[in-house]
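A short worksheet on the structure shown next.
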Amino acid sequence: MAAMRESQVIPGPRQAAAGPTAGRDGTPWRGFLRLARLRFLLYNLLPVGLAVAVSVHQGYPLDLTWYVVAQLFAWTVHVMTHYCNEYFDLEADRANVYFTPWTGGSRALVDGSVAPMVSLGAGFVLFSASTLMVAVMPSWQARVLATAAVVLAWFYTAPPLRLNYRGAGEMTVAAILNGLWPAVAVVLQAGAVPMLLLAVLAPTAVLQVVRMMVMNLGDRRSDAMVGKRTLPVIIGYQPAVHLIVGAQLVAYAMLTVLALLGWLPWLVWAAMAATAPLSVWLVRQLRGGAMGDLDPRRMTPVVFWASNHVSLIVAAAMLGVILDAARRSADTGALAVLGVVLAGYGVLFAHRLWLARRPAGQGQSRA
């Protein structure tokens with residue numbers, strides 16, 4: 001794919017190891033924005049939007065206020081996690097000389113652009129903001145689910161739990177992104193979690209777990225050096241590759257079984273199954289050793305598409321739910337709002353692909 005030429009601009013090990021002042025932005029606010037890693041927030045539009053689409057599909061009216069609250073909550077928790085992780089992962093990031101734009105952190109603390117305590121302080125501010133958002137939620141079910149999301153997100157790297165240092169990080173990410181965030185959003189709309197949402201999320205959660213394993217494959221050497229025991233560090237490179245490959249088959253088989261059982265509309269199945277070619281490409285890359293030699297230029301397209309594979313299957317699920325809801329004569333106004341959100345994601349994703357195709361040195365950054 002043409003978009004995979006993003007790897008042309010990836011710094012090699014020598015550049016990454018240039019020293020604590022390499023790549024200094026010159027202005028603190030630029031480094032502060034790099035810490036936020038805003039590019040990853042694009043994904044958040046999808047699980048929240050999917051949950052609201054399922055609610056409309058099930059016949060509930062769209063509550064735009066709580067939709068906005070759910071989206072802001074997801075973004076707040078996500079950025080909080082980034083600032084928190086940058087602080088508590090600093091030792092691992094300093095050891096990592098094989099980073100890519102998608103792995104190894106923002107490098108803003110490593111290169112000295114921002115003081116570590118600034119990152120931690122921002123994390124605490126956002127933790128407080130997310131806690132206030134939990135407090136105003138209208139039901140105890142929503143507050144419990146939202147509290148679980150905040151706690152898991154904070155302790156993903158923060159002590160004493162440090163979940164991503166104890167082999168639980170990959171599952172934690174899936175539990176939040178493909179579980180708790182959409183669950184909070186749908187409970188704010190419908191008061192409960194419909195079976196349809198669980199059926200849609202189950203295969204995407206499997207892919208999210210192994211997507212994080214792909215990301216951690218690239219960090220495995222530096223993680224092992226500092227005692228960060230992600231799943232690839234614990235089970236080893238080849239077993240991790242075998243697990244990632246097998247999980248692709250499990251996810252799409254699960255998707256088909258759920259449709260055969262009648263828990264998933266066939267229109268939703270068709271939309272989600274259309275993403276299978278990305279899974280095939282990922283399997284071929286991993287089996288071909290793209291992550292084996294820790295070459296950033298080979299790893300970048302793999303981690304890029306592994307990450308966006310999960311995004312695209314959730315986007316496909318949202319599209320399928322919207323189309324099936326329209327077929328069932330659901331609220332056209334609500335579906336139009338959701339269609340605009342999905343279209344907005346498509347435009348932003350297309351812009352990301354355009355940036356990936358730009359030649360090296362034309363203004364690309366890790367922000």
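Letters A, B, ... mark the chains of the structure tokens in the order given; residue numbers begin at 1 per chain; ligand numbers begin at 1, in order shown.
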
Would you mind writing down, as an NGL selection string, each residue of segment 8-172 of chain A that DSSP on the backbone assigns to helix (DSSP H, G or I)?
:A and (8-9 or 13-16 or 28-36 or 38-57 or 64-88 or 90-95 or 116-135 or 140-154 or 163-165 or 169-172)

Tell me which protein, DNA and RNA residues are within 9 Å of Pro28 of chain A, counting only C-alpha atoms, leaving out same-chain ones fewer than 3 positions away, and put them as a ChimeraX atom specification.
/A:25,31-33,113-114

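Here atom CA of Leu126 of chain A stands at a distance of 10.1 Å from atom CA of Phe73 of chain A.
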
When you look at Ser307 of chain A with a cut-off of 10 Å (counting only C-alpha atoms), what residues show up, excluding the ones that are within fewer than 2 positions of it in the same chain? I need them as a compact mmCIF listing (two decimals) with N, CA, C and O atoms, in the first residue's frame.
# COMPACT_ATOMS: atom_id res chain seq x y z
N PHE A 40 -3.57 9.68 18.59
CA PHE A 40 -4.26 8.48 19.04
C PHE A 40 -5.71 8.76 19.46
O PHE A 40 -6.50 7.83 19.63
N TYR A 43 -9.04 7.54 17.38
CA TYR A 43 -9.73 6.26 17.59
C TYR A 43 -10.94 6.40 18.50
O TYR A 43 -11.95 5.69 18.34
N TRP A 102 4.88 5.32 16.40
CA TRP A 102 3.72 4.72 17.08
C TRP A 102 4.11 3.96 18.33
O TRP A 102 3.24 3.49 19.07
N LEU A 207 -8.83 -8.51 18.82
CA LEU A 207 -7.87 -7.85 17.95
C LEU A 207 -7.13 -6.73 18.67
O LEU A 207 -5.96 -6.44 18.37
N GLN A 208 -7.78 -6.08 19.63
CA GLN A 208 -7.12 -5.03 20.40
C GLN A 208 -6.00 -5.59 21.27
O GLN A 208 -4.92 -4.99 21.38
N VAL A 210 -4.16 -8.28 20.71
CA VAL A 210 -2.98 -8.65 19.91
C VAL A 210 -2.39 -7.43 19.19
O VAL A 210 -1.20 -7.42 18.87
N ARG A 211 -3.21 -6.40 18.95
CA ARG A 211 -2.65 -5.15 18.43
C ARG A 211 -1.63 -4.58 19.41
O ARG A 211 -0.54 -4.13 19.04
N MET A 212 -1.97 -4.61 20.71
CA MET A 212 -1.03 -4.12 21.71
C MET A 212 0.19 -5.02 21.80
O MET A 212 1.31 -4.55 22.08
N VAL A 214 1.53 -6.48 19.21
CA VAL A 214 2.35 -6.04 18.08
C VAL A 214 3.15 -4.80 18.47
O VAL A 214 4.36 -4.72 18.20
N MET A 215 2.48 -3.84 19.10
CA MET A 215 3.19 -2.63 19.53
C MET A 215 4.33 -2.99 20.49
O MET A 215 5.44 -2.45 20.39
N PRO A 301 5.33 0.37 9.33
CA PRO A 301 4.07 0.04 8.67
C PRO A 301 3.29 -1.05 9.37
O PRO A 301 2.06 -1.06 9.35
N VAL A 302 3.98 -1.97 10.05
CA VAL A 302 3.30 -3.06 10.74
C VAL A 302 2.53 -2.52 11.95
O VAL A 302 1.34 -2.82 12.13
N VAL A 303 3.19 -1.71 12.79
CA VAL A 303 2.49 -1.18 13.96
C VAL A 303 1.42 -0.17 13.54
O VAL A 303 0.36 -0.07 14.18
N PHE A 304 1.67 0.56 12.45
CA PHE A 304 0.67 1.51 11.95
C PHE A 304 -0.60 0.78 11.54
O PHE A 304 -1.71 1.15 11.95
N TRP A 305 -0.46 -0.27 10.74
CA TRP A 305 -1.65 -0.96 10.24
C TRP A 305 -2.26 -1.90 11.27
O TRP A 305 -3.47 -2.15 11.23
N HIS A 309 -5.99 -1.33 11.93
CA HIS A 309 -6.86 -2.47 11.68
C HIS A 309 -7.99 -2.50 12.71
O HIS A 309 -9.17 -2.65 12.37
N VAL A 310 -7.63 -2.30 13.97
CA VAL A 310 -8.65 -2.29 15.03
C VAL A 310 -9.59 -1.10 14.84
O VAL A 310 -10.81 -1.22 14.98
N SER A 311 -9.03 0.05 14.51
CA SER A 311 -9.86 1.23 14.29
C SER A 311 -10.86 0.98 13.15
O SER A 311 -12.05 1.29 13.26
N LEU A 312 -10.37 0.41 12.07
CA LEU A 312 -11.22 0.25 10.90
C LEU A 312 -12.31 -0.80 11.10
O LEU A 312 -13.41 -0.66 10.57

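With only C-alpha atoms as the atoms that count, the residue of A:Thr81, A:Pro265, A:Leu197, A:Arg221 with the shortest distance to Phe155 of chain A is A:Thr81.
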
Residues near segment 75-78 of chain A, cut-off 10 Å, only C-alpha atoms, skip fewer than 4 positions along chain, as an NGL selection string
:A and (36-38 or 40-45 or 69-71 or 82-84 or 123 or 126-131 or 133 or 146 or 149-151 or 153-154 or 176-177 or 181)

Nearest residue to Leu163 of chain A from the set A:Leu231, A:Val97, A:Ser55, A:Trp66 (distances using only C-alpha atoms):
A:Leu231

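Computed from the coordinates, the atom CA of Met195 of chain A to atom CA of Gly179 of chain A distance equals 12.7 Å.
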
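Taking atom CA of Met272 of chain A and atom CA of Trp354 of chain A as endpoints, the distance between them is 23.8 Å.
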
In terms of only C-alpha atoms, the residue from A:Leu188, A:Leu35, A:Leu355, A:Leu260 at minimal distance from Val134 of chain A is A:Leu188

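Residue nearest Gln58 of chain A, chosen from A:Gly236, A:Gly227, A:Gly191, A:Pro182 and counting only C-alpha atoms: A:Gly191.
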
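On the backbone of this structure, DSSP gives strand (DSSP E or B) within segment 59-308 of chain A to Thr100, Thr103, Arg166 and Arg229 of chain A.
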
Between A:Val209, A:Ala192, A:Ala276, A:Leu145, which one has atoms that come closest to Ala168 of chain A, using only C-alpha atoms?
A:Val209

In terms of only C-alpha atoms, the residue from A:Leu243, A:Ala315, A:Ala306, A:Ala334 at minimal distance from Trp281 of chain A is A:Ala306

Which residues, written as an NGL selection string, have at least one atom at most 12 Å from Asn178 of chain A, with only C-alpha atoms counted and residues fewer than 5 positions away on the same chain left out?
:A and (43-44 or 46-51 or 74 or 149 or 170-173 or 183-185 or 197-209 or 310-311 or 313-314)

Just want the 8 Å neighbourhood of Ala326 of chain A, counted on only C-alpha atoms, with same-chain residues fewer than 5 positions away dropped. Output as number ranges by chain.
A: 331-332, 335

Residues near Ala271 of chain A, anyone? I mean within 9 Å using only C-alpha atoms, not counting same-chain ones fewer than 2 positions away, as number ranges by chain.
A: 266-269, 273-275, 313, 315-320
